[in-house]
$ cat coords.cif   # mmCIF, C-alpha atoms and all ligand atoms
data_input
#
loop_
_atom_site.label_atom_id
_atom_site.label_comp_id
_atom_site.auth_asym_id
_atom_site.auth_seq_id
_atom_site.Cartn_x
_atom_site.Cartn_y
_atom_site.Cartn_z
CA MET A 1 0.00 0.00 0.00
CA LYS A 2 1.97 2.97 -1.27
CA SER A 3 0.93 6.60 -0.87
CA VAL A 4 0.56 8.91 -3.80
CA TRP A 5 3.76 10.64 -2.64
CA GLU A 6 5.78 7.42 -2.62
CA THR A 7 4.46 6.39 -6.00
CA GLY A 8 5.21 9.81 -7.50
CA ALA A 9 8.63 10.37 -5.98
CA PHE A 10 10.25 7.00 -5.41
CA HIS A 11 8.42 4.34 -7.37
CA ARG A 12 8.05 6.00 -10.75
CA THR A 13 8.50 3.66 -13.67
CA PRO A 14 12.04 4.29 -14.93
CA HIS A 15 12.79 4.86 -18.59
CA LEU A 16 16.00 2.92 -17.97
CA ALA A 17 16.90 0.59 -15.11
CA VAL A 18 20.59 -0.23 -14.69
CA ILE A 19 21.28 -3.30 -12.58
CA GLY A 20 24.59 -2.93 -10.75
CA GLY A 21 26.10 0.24 -9.31
CA GLY A 22 29.77 -0.34 -10.14
CA ILE A 23 31.89 1.77 -12.47
CA THR A 24 30.12 0.32 -15.52
CA GLY A 25 26.57 0.74 -14.24
CA LEU A 26 27.05 4.24 -12.84
CA PHE A 27 28.76 5.58 -15.95
CA THR A 28 26.13 3.95 -18.19
CA ALA A 29 23.37 5.61 -16.17
CA LEU A 30 25.18 8.96 -16.25
CA PHE A 31 25.72 8.87 -20.01
CA HIS A 32 22.13 7.90 -20.67
CA LYS A 33 20.87 10.69 -18.44
CA ARG A 34 23.04 13.21 -20.29
CA ALA A 35 21.70 12.02 -23.62
CA PHE A 36 18.07 11.97 -22.42
CA PRO A 37 17.79 14.57 -19.64
CA HIS A 38 14.03 14.05 -19.25
CA HIS A 39 14.45 10.28 -18.66
CA HIS A 40 14.11 8.76 -15.21
CA VAL A 41 17.26 6.63 -14.90
CA LEU A 42 17.38 4.24 -11.97
CA VAL A 43 20.43 2.30 -10.77
CA LEU A 44 19.60 -0.80 -8.73
CA GLU A 45 22.45 -1.85 -6.48
CA ARG A 46 22.15 -4.77 -4.14
CA GLY A 47 24.70 -3.43 -1.65
CA ALA A 48 24.23 -0.49 0.70
CA PHE A 49 26.78 1.22 -1.56
CA PRO A 50 28.56 0.02 -4.71
CA SER A 51 29.91 -3.32 -3.51
CA GLY A 52 31.47 -5.19 -6.43
CA ALA A 53 34.95 -5.25 -7.94
CA SER A 54 34.93 -1.48 -8.41
CA VAL A 55 35.41 -1.05 -4.65
CA LYS A 56 37.54 -4.16 -4.10
CA ASN A 57 40.28 -3.69 -6.68
CA ALA A 58 43.91 -2.65 -6.43
CA GLY A 59 43.53 0.81 -7.97
CA PHE A 60 46.06 0.33 -10.77
CA ALA A 61 45.58 2.82 -13.57
CA CYS A 62 47.38 0.73 -16.15
CA PHE A 63 47.23 -0.36 -19.78
CA GLY A 64 49.10 -3.67 -19.52
CA SER A 65 52.55 -4.97 -18.62
CA PRO A 66 55.04 -5.90 -21.38
CA SER A 67 54.69 -9.64 -20.77
CA GLU A 68 50.90 -9.43 -20.86
CA LEU A 69 50.86 -7.39 -24.05
CA LEU A 70 53.38 -9.62 -25.84
CA THR A 71 51.55 -12.77 -24.77
CA ASP A 72 48.26 -11.28 -26.02
CA MET A 73 49.90 -10.37 -29.34
CA GLU A 74 51.17 -13.91 -29.78
CA ARG A 75 47.80 -15.42 -28.94
CA GLU A 76 45.39 -13.06 -30.70
CA GLY A 77 47.48 -11.16 -33.22
CA GLU A 78 48.92 -7.68 -32.93
CA GLU A 79 45.94 -5.73 -34.15
CA ARG A 80 43.50 -7.00 -31.57
CA ALA A 81 45.95 -6.77 -28.70
CA LEU A 82 46.89 -3.20 -29.63
CA GLN A 83 43.24 -2.20 -29.96
CA ARG A 84 42.77 -3.33 -26.38
CA VAL A 85 45.72 -1.20 -25.23
CA GLU A 86 44.17 1.76 -26.98
CA GLU A 87 40.84 1.19 -25.22
CA ARG A 88 42.60 1.09 -21.86
CA TRP A 89 44.71 4.14 -22.60
CA LEU A 90 41.77 6.20 -23.85
CA GLY A 91 39.65 4.96 -20.95
CA LEU A 92 42.18 6.17 -18.41
CA GLN A 93 42.40 9.61 -20.04
CA GLU A 94 38.60 9.89 -20.14
CA LEU A 95 38.22 8.73 -16.56
CA ARG A 96 40.75 11.25 -15.29
CA SER A 97 39.26 14.13 -17.22
CA GLU A 98 35.66 13.19 -16.34
CA LEU A 99 36.21 12.85 -12.58
CA GLY A 100 39.45 14.80 -11.97
CA ASP A 101 42.80 13.50 -10.73
CA ASP A 102 42.40 15.08 -7.29
CA ARG A 103 39.03 13.53 -6.70
CA ILE A 104 40.09 10.01 -7.67
CA GLY A 105 43.47 10.23 -5.92
CA PHE A 106 45.37 9.61 -9.15
CA GLU A 107 49.13 9.64 -8.71
CA PRO A 108 51.53 9.24 -11.66
CA THR A 109 53.70 6.82 -9.70
CA GLY A 110 54.77 4.78 -12.71
CA GLY A 111 54.04 1.15 -13.50
CA HIS A 112 56.57 -1.71 -13.30
CA GLU A 113 57.04 -5.35 -14.17
CA VAL A 114 59.71 -7.43 -12.44
CA PHE A 115 61.28 -10.65 -13.72
CA HIS A 116 63.61 -13.50 -12.90
CA ALA A 117 66.24 -13.72 -15.66
CA SER A 118 65.48 -17.46 -15.97
CA ASP A 119 61.81 -16.81 -16.71
CA PRO A 120 60.84 -17.59 -20.35
CA LEU A 121 58.58 -14.57 -20.22
CA TYR A 122 61.59 -12.40 -19.51
CA THR A 123 63.27 -13.79 -22.63
CA LEU A 124 60.19 -12.93 -24.67
CA VAL A 125 60.10 -9.38 -23.28
CA ALA A 126 63.85 -8.87 -23.76
CA GLU A 127 63.69 -10.06 -27.37
CA ARG A 128 60.63 -8.03 -28.36
CA PHE A 129 61.20 -4.97 -26.18
CA ASP A 130 62.05 -2.45 -28.88
CA ALA A 131 59.43 -3.78 -31.27
CA LEU A 132 56.78 -3.49 -28.53
CA ASN A 133 57.71 0.11 -27.82
CA ALA A 134 57.55 0.86 -31.55
CA ASP A 135 54.09 -0.73 -31.79
CA LEU A 136 52.81 1.27 -28.83
CA LEU A 137 54.24 4.64 -29.88
CA PRO A 138 51.34 5.68 -32.16
CA ILE A 139 48.83 4.81 -29.40
CA LEU A 140 50.58 6.29 -26.38
CA GLY A 141 52.40 9.16 -28.10
CA SER A 142 55.68 8.52 -26.29
CA LYS A 143 58.02 5.65 -25.52
CA ALA A 144 56.19 3.31 -23.19
CA PHE A 145 58.74 1.10 -21.47
CA HIS A 146 62.32 1.48 -20.19
CA TRP A 147 64.57 -0.99 -18.44
CA ASP A 148 65.13 0.16 -14.86
CA ASP A 149 67.20 -2.51 -13.11
CA GLN A 150 68.63 0.00 -10.65
CA GLY A 151 65.10 0.64 -9.48
CA ILE A 152 64.95 -2.88 -8.04
CA ALA A 153 67.16 -1.86 -5.13
CA THR A 154 65.77 1.67 -4.77
CA LYS A 155 62.27 0.26 -4.44
CA GLY A 156 63.55 -2.18 -1.82
CA LEU A 157 62.79 -5.30 -3.87
CA SER A 158 64.77 -8.54 -3.72
CA GLY A 159 64.95 -11.89 -5.50
CA VAL A 160 64.22 -10.47 -8.95
CA ASP A 161 66.77 -9.68 -11.64
CA ARG A 162 65.22 -7.26 -14.07
CA MET A 163 62.63 -4.50 -14.00
CA VAL A 164 60.73 -2.60 -16.66
CA ARG A 165 59.19 0.77 -15.89
CA THR A 166 56.68 3.01 -17.60
CA GLY A 167 56.03 6.56 -16.53
CA LEU A 168 52.64 6.48 -18.23
CA GLU A 169 50.82 4.45 -15.57
CA GLY A 170 49.84 5.30 -12.04
CA ALA A 171 47.79 4.45 -9.00
CA LEU A 172 44.48 5.78 -7.79
CA ASP A 173 42.10 5.55 -4.85
CA SER A 174 39.22 3.32 -5.96
CA GLY A 175 37.07 4.33 -3.00
CA SER A 176 37.37 8.02 -3.84
CA LEU A 177 36.76 7.24 -7.51
CA MET A 178 33.51 5.42 -6.82
CA ALA A 179 32.33 7.97 -4.25
CA GLU A 180 32.94 10.77 -6.75
CA LEU A 181 31.24 8.88 -9.57
CA LEU A 182 28.21 8.17 -7.40
CA ARG A 183 28.07 11.81 -6.29
CA LYS A 184 28.31 12.99 -9.89
CA ALA A 185 25.67 10.60 -11.20
CA ILE A 186 23.21 11.63 -8.48
CA SER A 187 23.98 15.33 -8.91
CA GLU A 188 23.19 15.01 -12.62
CA GLY A 189 19.83 13.41 -11.90
CA VAL A 190 20.44 9.66 -11.81
CA SER A 191 18.49 7.84 -9.08
CA PHE A 192 20.43 5.30 -7.04
CA ARG A 193 18.57 2.66 -5.08
CA SER A 194 20.70 0.67 -2.66
CA SER A 195 19.83 -2.69 -1.05
CA ALA A 196 18.03 -3.45 -4.31
CA ASP A 197 18.95 -7.05 -5.11
CA VAL A 198 17.42 -8.02 -8.44
CA VAL A 199 16.58 -11.71 -8.24
CA SER A 200 14.80 -12.19 -11.55
CA MET A 201 14.49 -10.48 -14.91
CA GLU A 202 12.04 -11.31 -17.63
CA GLU A 203 11.35 -9.56 -20.91
CA ALA A 204 7.72 -9.73 -22.01
CA GLU A 205 5.07 -7.59 -23.62
CA GLY A 206 7.16 -4.56 -24.37
CA ARG A 207 8.89 -4.26 -21.01
CA VAL A 208 11.26 -5.91 -18.65
CA ASP A 209 9.86 -7.28 -15.41
CA LEU A 210 12.36 -7.03 -12.55
CA ARG A 211 11.79 -8.63 -9.17
CA LEU A 212 13.78 -7.57 -6.16
CA ALA A 213 14.63 -9.70 -3.13
CA ASP A 214 12.41 -7.48 -0.94
CA GLY A 215 9.40 -8.29 -3.12
CA THR A 216 9.42 -5.03 -5.10
CA ARG A 217 8.50 -5.31 -8.76
CA ILE A 218 9.81 -2.83 -11.33
CA LEU A 219 8.64 -2.72 -14.93
CA ALA A 220 11.10 -0.93 -17.15
CA PRO A 221 11.06 -0.43 -20.91
CA ARG A 222 14.87 -0.71 -21.04
CA VAL A 223 17.37 -2.45 -18.81
CA VAL A 224 21.17 -2.59 -18.67
CA VAL A 225 22.71 -5.51 -16.83
CA ALA A 226 26.01 -4.25 -15.38
CA THR A 227 26.55 -6.92 -12.77
CA ASN A 228 29.88 -8.11 -14.18
CA GLY A 229 31.08 -11.20 -12.27
CA TYR A 230 27.54 -11.85 -11.02
CA SER A 231 25.98 -11.73 -14.47
CA HIS A 232 25.44 -15.49 -14.71
CA ARG A 233 22.79 -15.20 -11.99
CA LEU A 234 20.49 -13.06 -14.13
CA VAL A 235 21.74 -14.09 -17.57
CA PRO A 236 22.94 -17.70 -17.26
CA ASP A 237 23.93 -17.95 -20.93
CA SER A 238 25.92 -14.68 -21.00
CA GLY A 239 29.27 -16.49 -21.17
CA ILE A 240 30.59 -14.37 -18.30
CA ARG A 241 32.21 -16.39 -15.57
CA PRO A 242 33.16 -15.10 -12.14
CA ALA A 243 36.78 -14.99 -11.04
CA ARG A 244 37.62 -14.11 -7.48
CA GLY A 245 40.70 -12.08 -6.67
CA GLN A 246 42.21 -11.98 -3.18
CA VAL A 247 44.01 -9.00 -1.71
CA LEU A 248 45.86 -8.13 1.48
CA LEU A 249 47.03 -4.84 2.93
CA THR A 250 49.83 -4.57 5.49
CA HIS A 251 49.99 -2.07 8.31
CA PRO A 252 52.28 0.85 7.40
CA VAL A 253 55.86 -0.39 7.03
CA PRO A 254 58.45 2.02 8.52
CA GLY A 255 60.82 3.30 5.84
CA LEU A 256 58.95 1.62 3.00
CA LYS A 257 60.84 2.15 -0.26
CA LEU A 258 58.20 0.70 -2.56
CA ARG A 259 56.59 3.31 -4.77
CA GLY A 260 54.35 2.67 -7.75
CA THR A 261 52.39 -0.24 -9.19
CA PHE A 262 54.06 -3.58 -9.92
CA HIS A 263 53.28 -6.76 -11.83
CA TYR A 264 55.02 -10.05 -11.17
CA GLU A 265 54.82 -13.56 -12.64
CA GLU A 266 52.75 -12.86 -15.76
CA GLY A 267 50.65 -10.40 -13.78
CA TYR A 268 49.32 -13.18 -11.56
CA TYR A 269 50.60 -11.01 -8.70
CA TYR A 270 50.32 -7.25 -8.39
CA PHE A 271 51.39 -4.90 -5.63
CA ARG A 272 51.67 -1.21 -4.84
CA ASP A 273 52.30 1.17 -2.00
CA LEU A 274 49.31 2.69 -0.25
CA GLY A 275 49.72 5.18 2.57
CA GLY A 276 53.09 3.76 3.59
CA ALA A 277 51.76 0.20 3.51
CA VAL A 278 51.81 -2.53 0.85
CA LEU A 279 48.70 -3.65 -1.00
CA LEU A 280 49.21 -7.02 -2.68
CA GLY A 281 46.87 -9.27 -4.61
CA GLY A 282 46.71 -12.23 -6.94
CA GLY A 283 47.43 -15.92 -6.82
CA ARG A 284 44.30 -17.13 -8.62
CA ASN A 285 46.55 -19.42 -10.65
CA LEU A 286 47.18 -21.45 -7.48
CA ASP A 287 43.56 -22.58 -7.37
CA PRO A 288 41.76 -21.71 -10.62
CA GLU A 289 38.78 -23.92 -9.84
CA GLY A 290 38.33 -22.70 -6.27
CA GLU A 291 38.57 -19.07 -7.37
CA THR A 292 35.96 -19.46 -10.11
CA THR A 293 33.32 -18.27 -7.71
CA ASP A 294 31.30 -15.17 -6.93
CA LYS A 295 31.43 -15.84 -3.20
CA ASP A 296 33.49 -13.47 -1.07
CA GLY A 297 36.26 -15.10 0.90
CA THR A 298 39.95 -15.78 1.23
CA SER A 299 41.86 -19.05 1.22
CA LEU A 300 44.87 -20.09 3.27
CA VAL A 301 46.91 -21.30 0.30
CA ILE A 302 46.65 -17.99 -1.55
CA GLN A 303 47.04 -15.75 1.50
CA GLN A 304 50.14 -17.69 2.57
CA ARG A 305 51.62 -17.28 -0.90
CA LEU A 306 50.95 -13.54 -0.79
CA GLU A 307 52.68 -13.29 2.58
CA ARG A 308 55.66 -15.27 1.27
CA LEU A 309 55.95 -12.82 -1.61
CA LEU A 310 56.07 -9.97 0.88
CA ARG A 311 58.86 -11.69 2.81
CA GLU A 312 60.93 -12.78 -0.19
CA VAL A 313 60.44 -10.09 -2.82
CA ILE A 314 58.55 -6.98 -1.76
CA ILE A 315 59.72 -6.10 1.75
CA PRO A 316 62.46 -8.65 2.48
CA ASP A 317 63.97 -8.57 5.96
CA GLN A 318 61.30 -6.22 7.23
CA ALA A 319 58.77 -7.15 9.85
CA PHE A 320 55.20 -6.62 8.73
CA SER A 321 51.71 -7.41 9.89
CA VAL A 322 48.55 -7.72 7.87
CA ALA A 323 45.93 -5.06 8.52
CA GLN A 324 43.17 -6.23 6.19
CA ARG A 325 42.31 -9.04 3.79
CA TRP A 326 39.49 -9.04 1.25
CA SER A 327 38.33 -10.45 -2.03
CA GLY A 328 36.53 -9.12 -5.08
CA VAL A 329 34.81 -10.77 -8.02
CA MET A 330 35.83 -10.06 -11.59
CA GLY A 331 33.91 -11.13 -14.67
CA PHE A 332 35.69 -12.90 -17.53
CA HIS A 333 34.21 -13.28 -20.97
CA SER A 334 34.50 -16.86 -22.23
CA THR A 335 35.52 -15.72 -25.71
CA GLY A 336 38.60 -13.81 -24.58
CA LYS A 337 39.73 -10.68 -22.82
CA ASP A 338 37.35 -8.21 -24.42
CA PRO A 339 34.19 -7.27 -22.54
CA LEU A 340 30.70 -8.25 -23.60
CA ILE A 341 28.54 -5.31 -24.67
CA GLU A 342 25.51 -6.55 -26.52
CA ARG A 343 21.78 -6.86 -26.66
CA HIS A 344 20.16 -9.71 -24.84
CA GLY A 345 16.69 -9.64 -26.28
CA GLU A 346 15.08 -6.46 -27.53
CA ARG A 347 15.10 -4.39 -24.38
CA ILE A 348 18.05 -5.63 -22.40
CA VAL A 349 21.69 -4.68 -22.88
CA ILE A 350 24.43 -6.54 -21.05
CA ALA A 351 27.75 -4.82 -20.32
CA ALA A 352 30.06 -7.13 -18.41
CA GLY A 353 33.28 -9.13 -18.45
CA LEU A 354 35.75 -6.33 -17.79
CA SER A 355 38.32 -8.81 -16.43
CA GLY A 356 41.11 -7.19 -14.39
CA MET A 357 40.95 -3.92 -16.31
CA GLY A 358 37.68 -2.24 -15.37
CA VAL A 359 39.30 0.85 -13.87
CA ALA A 360 40.78 1.55 -17.28
CA ILE A 361 37.96 0.48 -19.58
CA GLY A 362 34.84 0.90 -17.40
CA ILE A 363 34.04 4.35 -18.77
CA ARG A 364 34.45 3.16 -22.39
CA VAL A 365 32.32 0.08 -21.84
CA ALA A 366 29.63 2.29 -20.29
CA ARG A 367 29.71 4.73 -23.21
CA LYS A 368 29.14 1.84 -25.64
CA ALA A 369 26.38 0.34 -23.51
CA ALA A 370 24.59 3.71 -23.31
CA ALA A 371 24.89 4.10 -27.09
CA LEU A 372 23.38 0.65 -27.59
CA VAL A 373 20.45 1.52 -25.34
CA ALA A 374 19.85 4.71 -27.32
CA GLU A 375 19.75 2.93 -30.72
C1 LIG B 401 40.94 -7.97 -6.48
C2 LIG B 401 40.73 -7.18 -7.73
C3 LIG B 401 41.73 -6.31 -8.17
C4 LIG B 401 41.55 -5.56 -9.33
N1 LIG B 401 42.47 -4.61 -9.67
C5 LIG B 401 42.25 -3.83 -10.74
C6 LIG B 401 43.15 -2.77 -11.04
O1 LIG B 401 44.10 -2.54 -10.30
N2 LIG B 401 42.92 -2.03 -12.15
C7 LIG B 401 41.85 -2.27 -12.98
O2 LIG B 401 41.72 -1.61 -14.01
N3 LIG B 401 40.94 -3.23 -12.67
C8 LIG B 401 41.12 -3.99 -11.57
N4 LIG B 401 40.20 -4.94 -11.25
C9 LIG B 401 39.03 -5.13 -12.12
C10 LIG B 401 37.99 -4.04 -11.91
O3 LIG B 401 37.82 -3.79 -10.53
C11 LIG B 401 36.68 -4.48 -12.56
O4 LIG B 401 36.92 -4.82 -13.92
C12 LIG B 401 35.62 -3.38 -12.52
O5 LIG B 401 35.49 -2.88 -11.22
C13 LIG B 401 34.29 -3.93 -13.01
O6 LIG B 401 33.32 -2.94 -12.80
P1 LIG B 401 31.77 -3.28 -13.00
O7 LIG B 401 31.02 -2.07 -12.65
O8 LIG B 401 31.56 -3.88 -14.33
O9 LIG B 401 31.51 -4.44 -11.94
P2 LIG B 401 31.34 -4.36 -10.37
O10 LIG B 401 32.14 -3.28 -9.78
O11 LIG B 401 31.55 -5.72 -9.84
O12 LIG B 401 29.85 -3.92 -10.19
C14 LIG B 401 28.76 -4.80 -10.28
C15 LIG B 401 27.74 -4.34 -9.26
O13 LIG B 401 26.55 -5.09 -9.43
C16 LIG B 401 26.00 -5.33 -8.15
N5 LIG B 401 25.10 -6.47 -8.32
C17 LIG B 401 25.46 -7.75 -8.63
N6 LIG B 401 24.36 -8.51 -8.75
C18 LIG B 401 23.29 -7.70 -8.52
C19 LIG B 401 21.88 -7.91 -8.53
N7 LIG B 401 21.36 -9.09 -8.80
N8 LIG B 401 21.07 -6.86 -8.25
C20 LIG B 401 21.59 -5.64 -7.99
N9 LIG B 401 22.92 -5.37 -7.98
C21 LIG B 401 23.75 -6.40 -8.25
C22 LIG B 401 27.21 -5.59 -7.28
O14 LIG B 401 26.92 -5.41 -5.92
C23 LIG B 401 28.21 -4.58 -7.82
O15 LIG B 401 28.19 -3.37 -7.11
C24 LIG B 401 40.36 -5.71 -10.10
C25 LIG B 401 39.36 -6.58 -9.65
C26 LIG B 401 39.54 -7.31 -8.48
C27 LIG B 401 38.44 -8.22 -8.01
#
$ encode --input "coords.cif" --output "C-alpha cells"
Amino acid sequence: MKSVWETGAFHRTPHLAVIGGGITGLFTALFHKRAFPHHHVLVLERGAFPSGASVKNAGFACFGSPSELLTDMEREGEERALQRVEERWLGLQELRSELGDDRIGFEPTGGHEVFHASDPLYTLVAERFDALNADLLPILGSKAFHWDDQGIATKGLSGVDRMVRTGLEGALDSGSLMAELLRKAISEGVSFRSSADVVSMEEAEGRVDLRLADGTRILAPRVVVATNGYSHRLVPDSGIRPARGQVLLTHPVPGLKLRGTFHYEEGYYYFRDLGGAVLLGGGRNLDPEGETTDKDGTSLVIQQRLERLLREVIIPDQAFSVAQRWSGVMGFHSTGKDPLIERHGERIVIAAGLSGMGVAIGIRVARKAAALVAE
C-alpha cells in the first residue's frame, strides 16, 4: 500500500533501469541521463553502496605490462591486442578528465614489471622490447617502457633480476573514484537505489519485469545488466564467468621504499604502496577452480603465498603485519579478454566481463552500452 507521494517520488517507472552500481553501471546511467535529460534513470544496487569489484580492486591505472601485451599479441594477433591497449589508454584519459585526478586520488607513480632472468617470459620481453615500444608509440604518443634494473634496489625489492618501468601508468584511490562517480551521477539526476537485489528479470510484452529480493517489482522499458562477475545469476547464458581475486594490505611499514604499481609472474601477482603500507593481490593461478566463484572469501593457500611474496620479494627482511584481507569478483568473458557489450533480447543490454581492467575500460564500456540503449 503505497501513498501517492511514494508512487510519484520513489516508485516512478524508470525509462531505464541499470542493474549494478559499479563503475560500468554508474557511468552507463550517467551517459544515458546526459543524452536523455528528461528520462528517469534508476540504478539498482544490491549493496548499501557500490559493492562489487569497483570497490575491491587494487587501484592500478594501467594499460598492460610488457609480458601481458606480448603474450596477447602472440595469442590473438597484434591488431587486436593493440586495440585493447588503446581502449585502456583512452579509458584512463577519459576517466581522469571526467572525474578529476584530485578527486580520484590519481598519482603518476609509474608502473613496473619485475622478472627473474630465468623466466621464459623475460626472454620474450627482452627479445621483443624495442618492437613493442615501436608498436605502442602511435597509441601512447611517447616511448612506453624502459629498463630500470637500478630501481629494483631503490624500491627495496629482492629476489628479482630485471625490471621494466613506464612513466605512463599510475595508482588511484578506488574508493574516492567510486564515491565521486556516485556523487556525480546523483547530482546530474540519476536515481540510485541501494539494497536493491534483483533476483529475476524477464522480458515480455514490451517491457522488462524485474523482481527484487524485498518483493518489489519494477517494470522498465529498457534495462542494462552491469553486474559483471555476477551476471550469470540473471543471464545464465551470457558467457561471463566469475573470477575471485584476493588481496591483502599490510599495516604501514616504517621506511617503506616501494613506490608505484608492480606486476610479477605474468601479472598473476600485483602490488603497490598505499599510505606507507603494501597492498598485494593475486594468486588465482594457485587454485583456478576454487577461485571461479562469486562468493566473497579468502583461502589459506593464496594468502600464505601472498605473505611469502612480501617476505621474499617486496619487503624482504622487514617485519610486517597484515591489517586487512578481502576479495573481489571479476567477470571474464568466455571468448577472450574483451568485454561483452551486446543486446540480450530487444530491451536488455548486457555490459560485463571487464576482467582485471575495469578501472581503465569501465568508462568506455559504459559509453558503448549507453549508445546501444539509445539505438
Ligand atoms: C581484487 C581485484 C583487483 C583488481 N584490480 C584492478 C586494477 O588494479 N585495475 C583495474 O583496471 N581493474 C582492476 N580490477 C578489475 C575491476 O575492478 C573491474 O573490472 C571493474 O570494477 C568492473 O566494474 P563493474 O562495474 O563492471 O563491476 P562491479 O564493480 O563488480 O559492479 C557490479 C555491481 O553489481 C552489483 N550487483 C550484482 N548482482 C546484482 C543484482 N542481482 N542486483 C543488484 N545489484 C547487483 C554488485 O553489488 C556490484 O556493485 C580488479 C578486480 C579485483 C576483483
$ residues_near_ligand --input "coords.cif" --ligand "ligand LIG 401 (chain B)" --cutoff "7 Å" --atoms "all atoms listed in the file" --output "PyMOL selection string"
chain A and resi 19-25+44-47+50-62+196-199+226-231+234+244-247+281+327-330+352-360+362
$ write_last_selection --input "coords.cif" --atoms "C-alpha atoms" --output "short mmCIF file (atom, residue, chain, number, x, y, z; two decimals), in the coordinates of the input"
data_model
loop_
_atom_site.label_atom_id
_atom_site.label_comp_id
_atom_site.auth_asym_id
_atom_site.auth_seq_id
_atom_site.Cartn_x
_atom_site.Cartn_y
_atom_site.Cartn_z
CA ILE A 19 21.28 -3.30 -12.58
CA GLY A 20 24.59 -2.93 -10.75
CA GLY A 21 26.10 0.24 -9.31
CA GLY A 22 29.77 -0.34 -10.14
CA ILE A 23 31.89 1.77 -12.47
CA THR A 24 30.12 0.32 -15.52
CA GLY A 25 26.57 0.74 -14.24
CA LEU A 44 19.60 -0.80 -8.73
CA GLU A 45 22.45 -1.85 -6.48
CA ARG A 46 22.15 -4.77 -4.14
CA GLY A 47 24.70 -3.43 -1.65
CA PRO A 50 28.56 0.02 -4.71
CA SER A 51 29.91 -3.32 -3.51
CA GLY A 52 31.47 -5.19 -6.43
CA ALA A 53 34.95 -5.25 -7.94
CA SER A 54 34.93 -1.48 -8.41
CA VAL A 55 35.41 -1.05 -4.65
CA LYS A 56 37.54 -4.16 -4.10
CA ASN A 57 40.28 -3.69 -6.68
CA ALA A 58 43.91 -2.65 -6.43
CA GLY A 59 43.53 0.81 -7.97
CA PHE A 60 46.06 0.33 -10.77
CA ALA A 61 45.58 2.82 -13.57
CA CYS A 62 47.38 0.73 -16.15
CA ALA A 196 18.03 -3.45 -4.31
CA ASP A 197 18.95 -7.05 -5.11
CA VAL A 198 17.42 -8.02 -8.44
CA VAL A 199 16.58 -11.71 -8.24
CA ALA A 226 26.01 -4.25 -15.38
CA THR A 227 26.55 -6.92 -12.77
CA ASN A 228 29.88 -8.11 -14.18
CA GLY A 229 31.08 -11.20 -12.27
CA TYR A 230 27.54 -11.85 -11.02
CA SER A 231 25.98 -11.73 -14.47
CA LEU A 234 20.49 -13.06 -14.13
CA ARG A 244 37.62 -14.11 -7.48
CA GLY A 245 40.70 -12.08 -6.67
CA GLN A 246 42.21 -11.98 -3.18
CA VAL A 247 44.01 -9.00 -1.71
CA GLY A 281 46.87 -9.27 -4.61
CA SER A 327 38.33 -10.45 -2.03
CA GLY A 328 36.53 -9.12 -5.08
CA VAL A 329 34.81 -10.77 -8.02
CA MET A 330 35.83 -10.06 -11.59
CA ALA A 352 30.06 -7.13 -18.41
CA GLY A 353 33.28 -9.13 -18.45
CA LEU A 354 35.75 -6.33 -17.79
CA SER A 355 38.32 -8.81 -16.43
CA GLY A 356 41.11 -7.19 -14.39
CA MET A 357 40.95 -3.92 -16.31
CA GLY A 358 37.68 -2.24 -15.37
CA VAL A 359 39.30 0.85 -13.87
CA ALA A 360 40.78 1.55 -17.28
CA GLY A 362 34.84 0.90 -17.40
#
$ closest_residue --input "coords.cif" --among "A:Glu79, A:Glu87, A:Glu265, A:Glu342" --to "A:Ala117" --atoms "all atoms listed in the file"
A:Glu265
$ residues_around --input "coords.cif" --residues "A:Lys368" --least-positions-apart "4" --cutoff "8 Å" --atoms "only C-alpha atoms" --output "MDAnalysis selection string"
chainID A and resid 341 364 372
$ atom_distance --input "coords.cif" --atom1 "atom CA of A:Thr293" --atom2 "atom CA of A:Val43"
24.5 Å
$ residues_around --input "coords.cif" --residues "A:Ala370" --least-positions-apart "5" --cutoff "12 Å" --atoms "all atoms listed in the file" --output "PyMOL selection string"
chain A and resi 16-18+24-36+41+222-226+341-343+348-351+363-365+375
$ closest_residue --input "coords.cif" --among "A:Gly290, A:Gly189, A:Gly159, A:Pro316" --to "A:Pro242" --atoms "all atoms listed in the file"
A:Gly290
$ atom_distance --input "coords.cif" --atom1 "atom CA of A:Phe145" --atom2 "atom CA of A:Glu127"
13.6 Å
$ residues_around --input "coords.cif" --residues "A:Leu310" --least-positions-apart "6" --cutoff "9 Å" --atoms "only C-alpha atoms" --output "list in words"
Val278, Leu280, Pro316 and Phe320 of chain A
$ closest_residue --input "coords.cif" --among "A:His344, A:His15, A:His251, A:Arg284" --to "A:Ala323" --atoms "only C-alpha atoms"
A:His251
$ closest_residue --input "coords.cif" --among "A:Pro14, A:Glu202, A:Val208, A:Ile361" --to "A:Arg96" --atoms "all atoms listed in the file"
A:Ile361
$ residues_near_point --input "coords.cif" --point "(8.8, 1.2, -16.3)" --cutoff "7 Å" --atoms "only C-alpha atoms" --output "number ranges by chain"
A: 13-15, 218-221
$ atom_distance --input "coords.cif" --atom1 "atom CA of A:Leu286" --atom2 "atom CA of A:Thr298"
12.7 Å
$ residues_around --input "coords.cif" --residues "A:Leu306" --least-positions-apart "5" --cutoff "12 Å" --atoms "all atoms listed in the file" --output "ChimeraX atom specification"
/A:245-250,264,268-271,278-284,286,298-301,311-315,322,325
$ closest_residue --input "coords.cif" --among "A:Arg241, A:Asp173, A:Arg217, A:Leu121" --to "A:Asp102" --atoms "all atoms listed in the file"
A:Asp173
$ decode --input "coords.cif" --residues "stretch 254-267 of chain A" --atoms "C-alpha atoms" --output "mmCIF file, in the first residue's frame"
data_model
loop_
_atom_site.group_PDB
_atom_site.id
_atom_site.type_symbol
_atom_site.label_atom_id
_atom_site.label_comp_id
_atom_site.auth_asym_id
_atom_site.auth_seq_id
_atom_site.Cartn_x
_atom_site.Cartn_y
_atom_site.Cartn_z
ATOM 1 C CA PRO A 254 58.452 2.020 8.520
ATOM 2 C CA GLY A 255 60.824 3.299 5.838
ATOM 3 C CA LEU A 256 58.948 1.618 3.000
ATOM 4 C CA LYS A 257 60.843 2.148 -0.263
ATOM 5 C CA LEU A 258 58.199 0.697 -2.557
ATOM 6 C CA ARG A 259 56.590 3.312 -4.766
ATOM 7 C CA GLY A 260 54.347 2.674 -7.747
ATOM 8 C CA THR A 261 52.388 -0.241 -9.190
ATOM 9 C CA PHE A 262 54.060 -3.577 -9.919
ATOM 10 C CA HIS A 263 53.281 -6.756 -11.833
ATOM 11 C CA TYR A 264 55.018 -10.047 -11.165
ATOM 12 C CA GLU A 265 54.815 -13.557 -12.635
ATOM 13 C CA GLU A 266 52.750 -12.855 -15.757
ATOM 14 C CA GLY A 267 50.653 -10.397 -13.784
#
